[in-house]
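> Next up is a structure, given as structure tokens.
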2 protein chains.
Amino acid sequence: MSELKNDRYLRALLRQPVDKTPVWVMRQAGRYLPEYREVRAKAGDFMTLCTTPELACEVTLQPLRRFDLDAAIIFSDILTIPDAMGLGLHFVAGEGPAFTKVIENASDIAKLSVPDMEDNLGYVMDAIRLARREIDGKVPLIGFSGSPWTLACYMVEGGSSKDFSKVKGMMFDAPEQMHALLAVLADSVTAYLNAQIAAGAQAIMLFDTWGGTLSTTNYNEFSLAYMQRIVEGLTRESEGRTVPVTLFTKGGGQWLELMAQTGVDALGLDWTTDLAVARQRVGDKVSLQGNMDPCVLYASADRVEQEVASVLASFGQGATGHVFNLGHGIHPTIDPEKMKRLVDSVHRLSEPYHQ
Amino acid sequence: MSELKNDRYLRALLRQPVDKTPVWVMRQAGRYLPEYREVRAKAGDFMTLCTTPELACEVTLQPLRRFDLDAAIIFSDILTIPDAMGLGLHFVAGEGPAFTKVIENASDIAKLSVPDMEDNLGYVMDAIRLARREIDGKVPLIGFSGSPWTLACYMVEGGSSKDFSKVKGMMFDAPEQMHALLAVLADSVTAYLNAQIAAGAQAIMLFDTWGGTLSTTNYNEFSLAYMQRIVEGLTRESEGRTVPVTLFTKGGGQWLELMAQTGVDALGLDWTTDLAVARQRVGDKVSLQGNMDPCVLYASADRVEQEVASVLASFGQGATGHVFNLGHGIHPTIDPEKMKRLVDSVHRLSEPYHQ
């Protein structure tokens, strides 16, 4: 493996000093890029794009060619695990992900087991190996998974949901059943992320997209506890370096102290949480990733730069331990020029904060 | 006017002692009730139901006949103001509210003015007068409005939105334009709520459904500031009693201290905020309304009662200043028997907390 030329992202996650604030963007490989749409059209459907390592690798690299990013993230989906468990993931135009088989009861759950990482998810590891070769040490490569609670939401609802009636019905009415489901998911996610690390992932993100729909008590019991279990089971060193782990619960701003206690290296924040307040609350315990409102990119490029300045200022002086990102994935209709302005202004404007 | 026989709700909002925790439920007059669906079907469309005082009054009363509720809320919609401004509110099946005319630019905003309360919104005041007569002092009647930011979201997006790209685009790119829109909305909401109070509303709720989509800075500037302006302009006494005001920002759990400074009497909480923590944070400043996850009602009636017990316990002993509610509107497919169990168990289980 080539030596890593830019380790700003990894250093920032471990609260080590850097020259500039590192930046990457959730869904940086995605529909807002014309070259992505081209590959996606050629692939035919989204799952073909995910499961063909050459194509997944190609779209992983695309944003690196355009923007001065400090990390790449392997192109994949948060729902590969339930698909590998046999639920039949597919995408309905305009409606998002859906499963052919839905988890409805204890007997459905009893049939689930940890998928074989090479047989059923080997395409992800192949894509990671390929991407590492192609990136050639330019920046680190992030591996990721959905959180157990987030996977359970999609598996029980059968797809996206507005009110989470089925998965919460199960949680409230049959908590032991929900725990059985979350346990097999936690074991699967642990094995999956360790396989990604073995294949070459240099940092890990755990996306808890739907943890923020829970009460504090239920978040602790049904989401955070299983993420903690995963964090405890992860290989935290590879190729002689620490593999930092970032945990992102969308809408989880009220629970930062709890999340910081899981032993992760960093927390992802959405834009509803003030960075200065968050920094005060978590102290030296973890780094922080975030947190510009992705809708800022609908405004002019000058306004984008102004908002980048605000986010950097809110994190403040001595900016060790900050990774710049949006608070959610970049929207598909954003002009890539705005993204370029964002990335460049993070680097340019953050230098004084690191002196 | 008949004397008020049950003032538990008003007293709790003003932090005065009560014998039991009062309870009402957002959307208690709604689709989960077969008798509501019957009236709704007869009315033909939703707007006819809203604009016909006899029908609006009838559905306002329906839940009081079934359940031992401590308050009624006038049946209406949060978007009556933009409709009265000429935007043409209508409802698209399965998609929610939509406007015929969308606010796109400064010239659209310049044309807006505070609607005439009797000419354009008289149907709401008529429904309130009628409902007061029919309720006959059994419980107090709540009047309400959407917050300026929430109204602006629908007016600029033209209806519901997933990412609020248009309204946030305007906010980020043309803040002075957004402020002009919010100013006319704040003046309209103030006049509207004062007209409701004059017509007989005995308490006021301000629904800030979309404030929680903003960053702390933007929440302060574009949502909270205008709600504060409204609160300052409200008639706070009527018929010799204080008219308590409750402010509910969905997803606003991080900003309770800020909200409590607006001078409102109570804050509505969704279920993501722990009541014990909230109580500690706001102290004696305001009462708290909430905050059971509406999805609990998908579980068994016994489980509902168990969760009612948890919510009461989390508010804790000396429960002055607590109004029980869900953290969001009741879902349309809920069995009314679960609602009955909820209301009854709040009264039964809360008594010890008030001794």
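We label chains A, B, ... in the order they appear in the structure tokens, count residues from 1 in each chain, and number ligands from 1 in the order shown.
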Return as CSV the residues of chain B lying at most 6 Å from chain A, together with the closest atom-to-atom pair for each and the distance in Å to one decimal, counting only C-alpha atoms, with rows in chain order and ascending residue number.

residue,atom,partner,partner_atom,distance
B:Ser165,CA,A:Cys295,CA,5.8
B:Gly169,CA,A:Tyr298,CA,5.2
B:Phe172,CA,A:Ala299,CA,5.9
B:Asp173,CA,A:Ala299,CA,5.0
B:Leu214,CA,A:Thr272,CA,5.8
B:Ser215,CA,A:Thr272,CA,4.2
B:Thr216,CA,A:Thr272,CA,5.8
B:Trp271,CA,A:Ser215,CA,5.2
B:Thr272,CA,A:Ser215,CA,4.2
B:Cys295,CA,A:Ser165,CA,5.8
B:Tyr298,CA,A:Gly169,CA,5.2
B:Ala299,CA,A:Asp173,CA,5.0
> Could you turn the residues from that selection into a file that holds N, CA and C atoms, as an mmCIF file, in the first residue's frame?

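So result.cif came out as:
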data_model
loop_
_atom_site.group_PDB
_atom_site.id
_atom_site.type_symbol
_atom_site.label_atom_id
_atom_site.label_comp_id
_atom_site.auth_asym_id
_atom_site.auth_seq_id
_atom_site.Cartn_x
_atom_site.Cartn_y
_atom_site.Cartn_z
ATOM 1 N N SER B 165 -35.912 23.229 0.463
ATOM 2 C CA SER B 165 -34.898 23.869 -0.372
ATOM 3 C C SER B 165 -35.281 25.297 -0.760
ATOM 4 N N GLY B 169 -33.504 28.353 0.738
ATOM 5 C CA GLY B 169 -32.777 29.087 -0.295
ATOM 6 C C GLY B 169 -33.054 30.578 -0.142
ATOM 7 N N PHE B 172 -31.404 31.970 3.097
ATOM 8 C CA PHE B 172 -29.949 32.142 3.023
ATOM 9 C C PHE B 172 -29.564 33.210 1.995
ATOM 10 N N ASP B 173 -30.308 33.275 0.889
ATOM 11 C CA ASP B 173 -29.909 34.157 -0.205
ATOM 12 C C ASP B 173 -30.498 35.545 -0.088
ATOM 13 N N LEU B 214 -34.132 24.146 11.606
ATOM 14 C CA LEU B 214 -33.168 25.253 11.502
ATOM 15 C C LEU B 214 -31.972 25.053 12.433
ATOM 16 N N SER B 215 -30.890 25.739 12.133
ATOM 17 C CA SER B 215 -29.761 25.804 13.065
ATOM 18 C C SER B 215 -30.153 26.717 14.221
ATOM 19 N N THR B 216 -29.406 26.660 15.311
ATOM 20 C CA THR B 216 -29.721 27.487 16.478
ATOM 21 C C THR B 216 -29.786 28.971 16.098
ATOM 22 N N TRP B 271 -41.338 13.848 22.162
ATOM 23 C CA TRP B 271 -40.878 12.759 23.035
ATOM 24 C C TRP B 271 -39.361 12.580 23.035
ATOM 25 N N THR B 272 -38.637 13.309 22.178
ATOM 26 C CA THR B 272 -37.179 13.139 22.176
ATOM 27 C C THR B 272 -36.528 13.846 23.364
ATOM 28 N N CYS B 295 -46.548 6.853 18.746
ATOM 29 C CA CYS B 295 -46.472 5.459 18.292
ATOM 30 C C CYS B 295 -46.736 4.461 19.410
ATOM 31 N N TYR B 298 -49.804 2.420 19.066
ATOM 32 C CA TYR B 298 -49.862 1.229 18.211
ATOM 33 C C TYR B 298 -49.700 -0.049 19.041
ATOM 34 N N ALA B 299 -49.179 0.087 20.261
ATOM 35 C CA ALA B 299 -48.993 -1.084 21.135
ATOM 36 C C ALA B 299 -50.305 -1.381 21.869
#
> Please give chain A as a short mmCIF file (atom, residue, chain, number, x, y, z; two decimals) with C-alpha atoms, in the first residue's frame, after it has been superposed on chain B by least squares over all Cα atoms paired in order.

data_model
loop_
_atom_site.label_atom_id
_atom_site.label_comp_id
_atom_site.auth_asym_id
_atom_site.auth_seq_id
_atom_site.Cartn_x
_atom_site.Cartn_y
_atom_site.Cartn_z
CA MET A 1 -70.96 32.49 29.39
CA SER A 2 -71.29 29.53 31.74
CA GLU A 3 -68.71 29.27 34.45
CA LEU A 4 -65.77 26.99 33.73
CA LYS A 5 -66.31 23.69 35.58
CA ASN A 6 -62.91 22.14 34.88
CA ASP A 7 -60.00 24.56 34.91
CA ARG A 8 -57.26 21.96 35.52
CA TYR A 9 -55.68 22.68 32.15
CA LEU A 10 -55.56 26.46 32.64
CA ARG A 11 -54.28 26.11 36.21
CA ALA A 12 -51.53 23.68 35.23
CA LEU A 13 -50.34 26.04 32.48
CA LEU A 14 -50.04 28.79 35.08
CA ARG A 15 -48.23 26.49 37.51
CA GLN A 16 -51.08 26.46 39.99
CA PRO A 17 -51.80 23.28 41.97
CA VAL A 18 -54.31 20.77 40.55
CA ASP A 19 -55.72 17.45 41.79
CA LYS A 20 -54.69 15.44 38.72
CA THR A 21 -52.52 16.08 35.68
CA PRO A 22 -54.73 17.54 32.95
CA VAL A 23 -54.67 15.85 29.55
CA TRP A 24 -55.58 16.70 26.00
CA VAL A 25 -54.16 15.31 22.77
CA MET A 26 -53.00 17.06 19.62
CA ARG A 27 -55.40 16.19 16.76
CA GLN A 28 -57.85 14.76 19.31
CA ALA A 29 -60.55 15.84 16.85
CA GLY A 30 -59.43 13.85 13.87
CA ARG A 31 -59.43 10.92 11.52
CA TYR A 32 -58.95 8.19 14.14
CA LEU A 33 -62.56 8.81 15.22
CA PRO A 34 -65.24 7.15 13.04
CA GLU A 35 -67.70 9.97 13.83
CA TYR A 36 -65.12 12.46 12.52
CA ARG A 37 -64.69 10.50 9.30
CA GLU A 38 -68.45 10.56 8.88
CA VAL A 39 -68.71 14.35 9.17
CA ARG A 40 -65.62 14.75 7.00
CA ALA A 41 -67.18 12.55 4.28
CA LYS A 42 -70.40 14.55 4.43
CA ALA A 43 -68.48 17.83 4.16
CA GLY A 44 -66.84 16.58 0.98
CA ASP A 45 -63.48 18.24 1.38
CA PHE A 46 -61.34 19.28 4.30
CA MET A 47 -61.63 23.02 3.71
CA THR A 48 -65.44 22.84 3.77
CA LEU A 49 -65.14 21.17 7.16
CA CYS A 50 -62.85 23.98 8.38
CA THR A 51 -64.90 26.83 6.95
CA THR A 52 -68.35 25.65 8.04
CA PRO A 53 -68.67 26.70 11.69
CA GLU A 54 -71.36 24.12 12.51
CA LEU A 55 -69.22 21.27 11.20
CA ALA A 56 -65.99 22.59 12.76
CA CYS A 57 -67.85 22.95 16.06
CA GLU A 58 -69.29 19.45 15.81
CA VAL A 59 -65.90 17.75 15.30
CA THR A 60 -64.38 19.92 18.05
CA LEU A 61 -66.92 18.42 20.45
CA GLN A 62 -66.68 14.79 19.34
CA PRO A 63 -63.64 13.75 21.43
CA LEU A 64 -65.20 15.37 24.53
CA ARG A 65 -68.16 13.01 24.25
CA ARG A 66 -65.94 9.95 24.24
CA PHE A 67 -63.06 10.87 26.53
CA ASP A 68 -62.60 12.62 29.87
CA LEU A 69 -60.42 15.35 28.35
CA ASP A 70 -59.44 18.53 30.19
CA ALA A 71 -59.48 20.81 27.16
CA ALA A 72 -61.00 21.16 23.72
CA ILE A 73 -59.12 22.64 20.77
CA ILE A 74 -61.02 24.41 18.04
CA PHE A 75 -61.04 22.35 14.86
CA SER A 76 -59.19 24.28 12.18
CA ASP A 77 -55.96 24.17 10.20
CA ILE A 78 -52.61 25.83 10.86
CA LEU A 79 -52.68 27.30 7.32
CA THR A 80 -55.85 29.41 7.46
CA ILE A 81 -53.84 32.67 7.44
CA PRO A 82 -52.06 32.18 4.11
CA ASP A 83 -55.40 31.00 2.71
CA ALA A 84 -57.00 34.23 3.92
CA MET A 85 -54.13 36.10 2.25
CA GLY A 86 -55.36 34.69 -1.06
CA LEU A 87 -52.99 31.77 -1.61
CA GLY A 88 -55.74 29.18 -2.12
CA LEU A 89 -55.24 26.42 0.41
CA HIS A 90 -56.38 22.97 -0.67
CA PHE A 91 -55.57 19.39 0.23
CA VAL A 92 -54.18 16.81 -2.14
CA ALA A 93 -55.06 13.24 -1.11
CA GLY A 94 -52.00 11.51 0.33
CA GLU A 95 -49.83 14.59 -0.05
CA GLY A 96 -51.23 17.04 2.48
CA PRO A 97 -51.74 20.77 2.15
CA ALA A 98 -50.94 22.72 -1.03
CA PHE A 99 -51.29 26.31 -2.20
CA THR A 100 -52.52 27.43 -5.62
CA LYS A 101 -50.34 30.55 -5.43
CA VAL A 102 -46.76 30.14 -4.23
CA ILE A 103 -44.56 32.90 -2.77
CA GLU A 104 -41.44 33.13 -4.92
CA ASN A 105 -39.99 36.61 -4.67
CA ALA A 106 -40.04 40.09 -3.13
CA SER A 107 -42.90 41.26 -5.32
CA ASP A 108 -45.08 38.33 -4.17
CA ILE A 109 -44.29 39.27 -0.58
CA ALA A 110 -44.97 42.98 -1.13
CA LYS A 111 -48.52 42.08 -2.20
CA LEU A 112 -49.30 40.33 1.10
CA SER A 113 -51.12 42.13 3.89
CA VAL A 114 -52.71 41.25 7.22
CA PRO A 115 -56.06 39.66 6.32
CA ASP A 116 -59.28 41.06 7.70
CA MET A 117 -60.19 38.87 10.64
CA GLU A 118 -63.96 38.97 10.21
CA ASP A 119 -64.15 39.10 6.40
CA ASN A 120 -61.54 36.46 5.67
CA LEU A 121 -61.28 34.43 8.85
CA GLY A 122 -64.69 35.03 10.39
CA TYR A 123 -65.52 31.33 10.01
CA VAL A 124 -62.89 30.50 12.66
CA MET A 125 -64.32 33.07 15.10
CA ASP A 126 -67.85 31.79 14.41
CA ALA A 127 -66.73 28.24 15.11
CA ILE A 128 -65.12 29.37 18.37
CA ARG A 129 -68.25 31.24 19.48
CA LEU A 130 -70.40 28.24 18.61
CA ALA A 131 -68.07 25.76 20.31
CA ARG A 132 -67.92 27.85 23.49
CA ARG A 133 -71.71 27.81 23.63
CA GLU A 134 -71.90 24.06 23.07
CA ILE A 135 -69.06 23.15 25.43
CA ASP A 136 -71.01 25.10 28.03
CA GLY A 137 -68.12 25.53 30.45
CA LYS A 138 -67.28 21.85 30.66
CA VAL A 139 -63.60 22.46 29.74
CA PRO A 140 -61.64 25.39 28.31
CA LEU A 141 -61.34 25.90 24.55
CA ILE A 142 -57.88 26.29 22.96
CA GLY A 143 -57.29 28.57 19.98
CA PHE A 144 -54.18 28.18 17.82
CA SER A 145 -52.09 29.18 14.85
CA GLY A 146 -49.04 28.01 12.96
CA SER A 147 -45.87 30.02 13.66
CA PRO A 148 -44.67 32.57 11.09
CA TRP A 149 -41.72 30.35 10.07
CA THR A 150 -44.01 27.34 9.68
CA LEU A 151 -46.48 29.31 7.56
CA ALA A 152 -43.60 30.68 5.46
CA CYS A 153 -42.35 27.12 4.83
CA TYR A 154 -45.67 26.08 3.29
CA MET A 155 -46.14 29.38 1.42
CA VAL A 156 -42.71 29.31 -0.24
CA GLU A 157 -42.57 25.56 -0.84
CA GLY A 158 -46.18 25.54 -2.05
CA GLY A 159 -46.98 22.63 0.26
CA SER A 160 -45.17 19.99 2.27
CA SER A 161 -41.46 19.60 1.65
CA LYS A 162 -38.79 17.05 2.36
CA ASP A 163 -35.76 19.33 2.37
CA PHE A 164 -37.18 22.90 2.50
CA SER A 165 -34.89 23.87 -0.37
CA LYS A 166 -36.95 26.85 -1.56
CA VAL A 167 -37.75 28.46 1.78
CA LYS A 168 -34.19 27.94 3.02
CA GLY A 169 -32.78 29.10 -0.30
CA MET A 170 -34.73 32.34 0.23
CA MET A 171 -33.64 32.57 3.87
CA PHE A 172 -29.95 32.14 3.03
CA ASP A 173 -29.91 34.15 -0.20
CA ALA A 174 -32.38 36.94 0.55
CA PRO A 175 -32.74 37.20 4.33
CA GLU A 176 -34.31 40.69 4.17
CA GLN A 177 -37.03 39.29 1.88
CA MET A 178 -37.64 36.44 4.33
CA HIS A 179 -37.84 38.95 7.18
CA ALA A 180 -40.45 40.95 5.26
CA LEU A 181 -42.52 37.80 4.83
CA LEU A 182 -42.16 36.80 8.48
CA ALA A 183 -43.07 40.30 9.65
CA VAL A 184 -46.41 40.37 7.84
CA LEU A 185 -47.07 36.83 9.08
CA ALA A 186 -46.25 37.76 12.68
CA ASP A 187 -48.65 40.71 12.51
CA SER A 188 -51.31 38.48 10.98
CA VAL A 189 -50.88 35.72 13.58
CA THR A 190 -51.05 38.30 16.40
CA ALA A 191 -54.30 39.76 15.05
CA TYR A 192 -55.66 36.28 14.39
CA LEU A 193 -54.97 34.95 17.88
CA ASN A 194 -56.33 38.13 19.49
CA ALA A 195 -59.50 37.73 17.43
CA GLN A 196 -59.74 34.11 18.61
CA ILE A 197 -59.36 35.26 22.22
CA ALA A 198 -62.04 37.92 21.70
CA ALA A 199 -64.31 35.23 20.22
CA GLY A 200 -63.83 33.02 23.27
CA ALA A 201 -60.55 31.07 23.04
CA GLN A 202 -59.38 30.55 26.65
CA ALA A 203 -55.82 29.44 25.90
CA ILE A 204 -53.50 29.74 22.92
CA MET A 205 -51.13 27.32 21.22
CA LEU A 206 -48.51 28.37 18.74
CA PHE A 207 -47.43 25.43 16.55
CA ASP A 208 -43.90 25.82 15.23
CA THR A 209 -43.92 22.61 13.24
CA TRP A 210 -40.82 23.38 11.20
CA GLY A 211 -38.65 25.47 13.53
CA GLY A 212 -36.73 22.29 14.34
CA THR A 213 -35.33 22.17 10.80
CA LEU A 214 -33.17 25.25 11.51
CA SER A 215 -29.77 25.79 13.07
CA THR A 216 -29.74 27.48 16.48
CA THR A 217 -28.75 30.83 14.96
CA ASN A 218 -31.40 30.66 12.26
CA TYR A 219 -34.04 29.40 14.69
CA ASN A 220 -33.43 32.47 16.82
CA GLU A 221 -33.48 34.87 13.92
CA PHE A 222 -36.20 33.42 11.68
CA SER A 223 -38.54 31.57 14.00
CA LEU A 224 -38.21 32.42 17.68
CA ALA A 225 -37.90 36.22 17.22
CA TYR A 226 -41.26 36.34 15.44
CA MET A 227 -42.96 34.12 17.98
CA GLN A 228 -41.67 36.43 20.70
CA ARG A 229 -43.17 39.38 18.82
CA ILE A 230 -46.51 37.57 18.71
CA VAL A 231 -46.40 36.69 22.40
CA GLU A 232 -45.72 40.34 23.24
CA GLY A 233 -48.73 41.44 21.18
CA LEU A 234 -51.28 39.02 22.61
CA THR A 235 -54.19 39.88 24.86
CA ARG A 236 -53.24 37.87 27.90
CA GLU A 237 -56.45 38.33 29.85
CA SER A 238 -60.06 37.69 28.91
CA GLU A 239 -63.29 37.10 30.84
CA GLY A 240 -61.36 37.92 34.00
CA ARG A 241 -58.85 35.09 33.55
CA THR A 242 -55.34 34.81 32.21
CA VAL A 243 -55.18 33.33 28.69
CA PRO A 244 -52.12 31.03 28.86
CA VAL A 245 -49.90 30.69 25.83
CA THR A 246 -48.06 27.47 24.92
CA LEU A 247 -45.26 27.37 22.39
CA PHE A 248 -44.41 24.11 20.65
CA THR A 249 -41.40 23.81 18.38
CA LYS A 250 -41.24 20.24 17.13
CA GLY A 251 -37.62 19.09 17.34
CA GLY A 252 -36.75 22.13 19.45
CA GLY A 253 -35.51 20.22 22.52
CA GLN A 254 -32.12 21.90 22.36
CA TRP A 255 -33.61 25.39 22.69
CA LEU A 256 -35.89 25.16 25.73
CA GLU A 257 -34.04 27.86 27.66
CA LEU A 258 -34.37 30.26 24.72
CA MET A 259 -38.06 29.51 24.29
CA ALA A 260 -38.74 29.94 28.00
CA GLN A 261 -37.41 33.50 27.74
CA THR A 262 -40.14 34.59 25.29
CA GLY A 263 -42.64 35.12 28.07
CA VAL A 264 -44.91 32.18 27.18
CA ASP A 265 -46.55 30.24 29.98
CA ALA A 266 -45.72 26.76 28.73
CA LEU A 267 -43.60 24.81 26.28
CA GLY A 268 -44.81 21.83 24.28
CA LEU A 269 -42.27 19.01 24.10
CA ASP A 270 -41.94 16.16 21.66
CA TRP A 271 -40.89 12.75 23.03
CA THR A 272 -37.19 13.12 22.17
CA THR A 273 -36.76 15.43 25.17
CA ASP A 274 -36.65 13.84 28.60
CA LEU A 275 -39.26 15.53 30.82
CA ALA A 276 -37.07 15.32 33.93
CA VAL A 277 -34.17 16.98 32.11
CA ALA A 278 -36.47 19.60 30.60
CA ARG A 279 -37.94 20.41 34.00
CA GLN A 280 -34.46 20.88 35.40
CA ARG A 281 -33.48 23.13 32.49
CA VAL A 282 -36.46 25.49 32.55
CA GLY A 283 -37.01 25.50 36.31
CA ASP A 284 -40.03 27.49 37.46
CA LYS A 285 -40.09 29.64 34.37
CA VAL A 286 -42.70 27.74 32.34
CA SER A 287 -45.02 24.74 32.49
CA LEU A 288 -44.37 21.75 30.25
CA GLN A 289 -46.76 19.98 27.93
CA GLY A 290 -46.13 16.49 26.63
CA ASN A 291 -44.66 14.18 25.70
CA MET A 292 -45.55 10.57 24.91
CA ASP A 293 -44.46 9.13 21.56
CA PRO A 294 -47.72 8.84 19.57
CA CYS A 295 -46.48 5.46 18.30
CA VAL A 296 -47.03 4.00 21.78
CA LEU A 297 -50.71 3.92 20.79
CA TYR A 298 -49.87 1.24 18.21
CA ALA A 299 -49.01 -1.08 21.13
CA SER A 300 -51.50 -2.78 23.45
CA ALA A 301 -53.71 -0.78 25.85
CA ASP A 302 -51.74 -2.20 28.80
CA ARG A 303 -48.52 -0.98 27.24
CA VAL A 304 -50.12 2.45 26.73
CA GLU A 305 -50.94 2.62 30.42
CA GLN A 306 -47.39 1.54 31.31
CA GLU A 307 -45.98 4.32 29.15
CA VAL A 308 -48.35 6.89 30.65
CA ALA A 309 -46.92 5.84 34.02
CA SER A 310 -43.36 6.38 32.71
CA VAL A 311 -44.12 9.85 31.38
CA LEU A 312 -45.74 10.86 34.68
CA ALA A 313 -42.80 9.42 36.62
CA SER A 314 -40.29 11.26 34.45
CA PHE A 315 -41.99 14.59 35.22
CA GLY A 316 -41.90 13.46 38.84
CA GLN A 317 -43.28 14.44 42.22
CA GLY A 318 -44.95 17.80 42.84
CA ALA A 319 -46.30 17.68 39.31
CA THR A 320 -47.54 21.27 39.26
CA GLY A 321 -47.00 22.66 35.81
CA HIS A 322 -47.45 19.50 33.75
CA VAL A 323 -50.04 19.08 31.01
CA PHE A 324 -50.10 15.56 29.59
CA ASN A 325 -50.16 15.25 25.80
CA LEU A 326 -48.59 13.28 23.01
CA GLY A 327 -45.40 14.70 21.54
CA HIS A 328 -47.16 15.06 18.18
CA GLY A 329 -50.67 14.60 16.76
CA ILE A 330 -52.45 11.27 17.22
CA HIS A 331 -52.11 9.08 14.11
CA PRO A 332 -55.20 8.45 11.97
CA THR A 333 -55.17 4.63 12.34
CA ILE A 334 -55.17 4.51 16.15
CA ASP A 335 -57.97 2.59 17.87
CA PRO A 336 -60.02 5.10 19.93
CA GLU A 337 -60.05 2.59 22.81
CA LYS A 338 -56.30 3.19 23.25
CA MET A 339 -56.97 6.91 23.46
CA LYS A 340 -59.56 6.24 26.17
CA ARG A 341 -57.03 4.18 28.13
CA LEU A 342 -54.49 6.97 27.80
CA VAL A 343 -56.80 9.69 29.09
CA ASP A 344 -58.16 7.60 31.95
CA SER A 345 -54.77 6.39 33.10
CA VAL A 346 -53.33 9.92 33.11
CA HIS A 347 -56.03 10.95 35.58
CA ARG A 348 -55.88 7.80 37.68
CA LEU A 349 -52.10 7.47 37.86
CA SER A 350 -51.26 11.15 38.30
CA GLU A 351 -53.15 11.75 41.55
CA PRO A 352 -50.27 10.65 43.83
CA TYR A 353 -47.91 13.06 42.08
CA HIS A 354 -50.06 16.00 43.17
CA GLN A 355 -50.26 15.14 46.87
#
> DSSP on the backbone, then: every residue of segment 276-324 of chain B marked strand (DSSP E or B), written as number ranges by chain.
B: 287-289, 292, 322-324
> I'd like to know which residues of segment 162-229 of chain B are alpha helix (DSSP H) (by DSSP, run on the backbone); could you write them as a PyMOL selection string?
chain B and resi 165-173+175-199+216-218+225-229
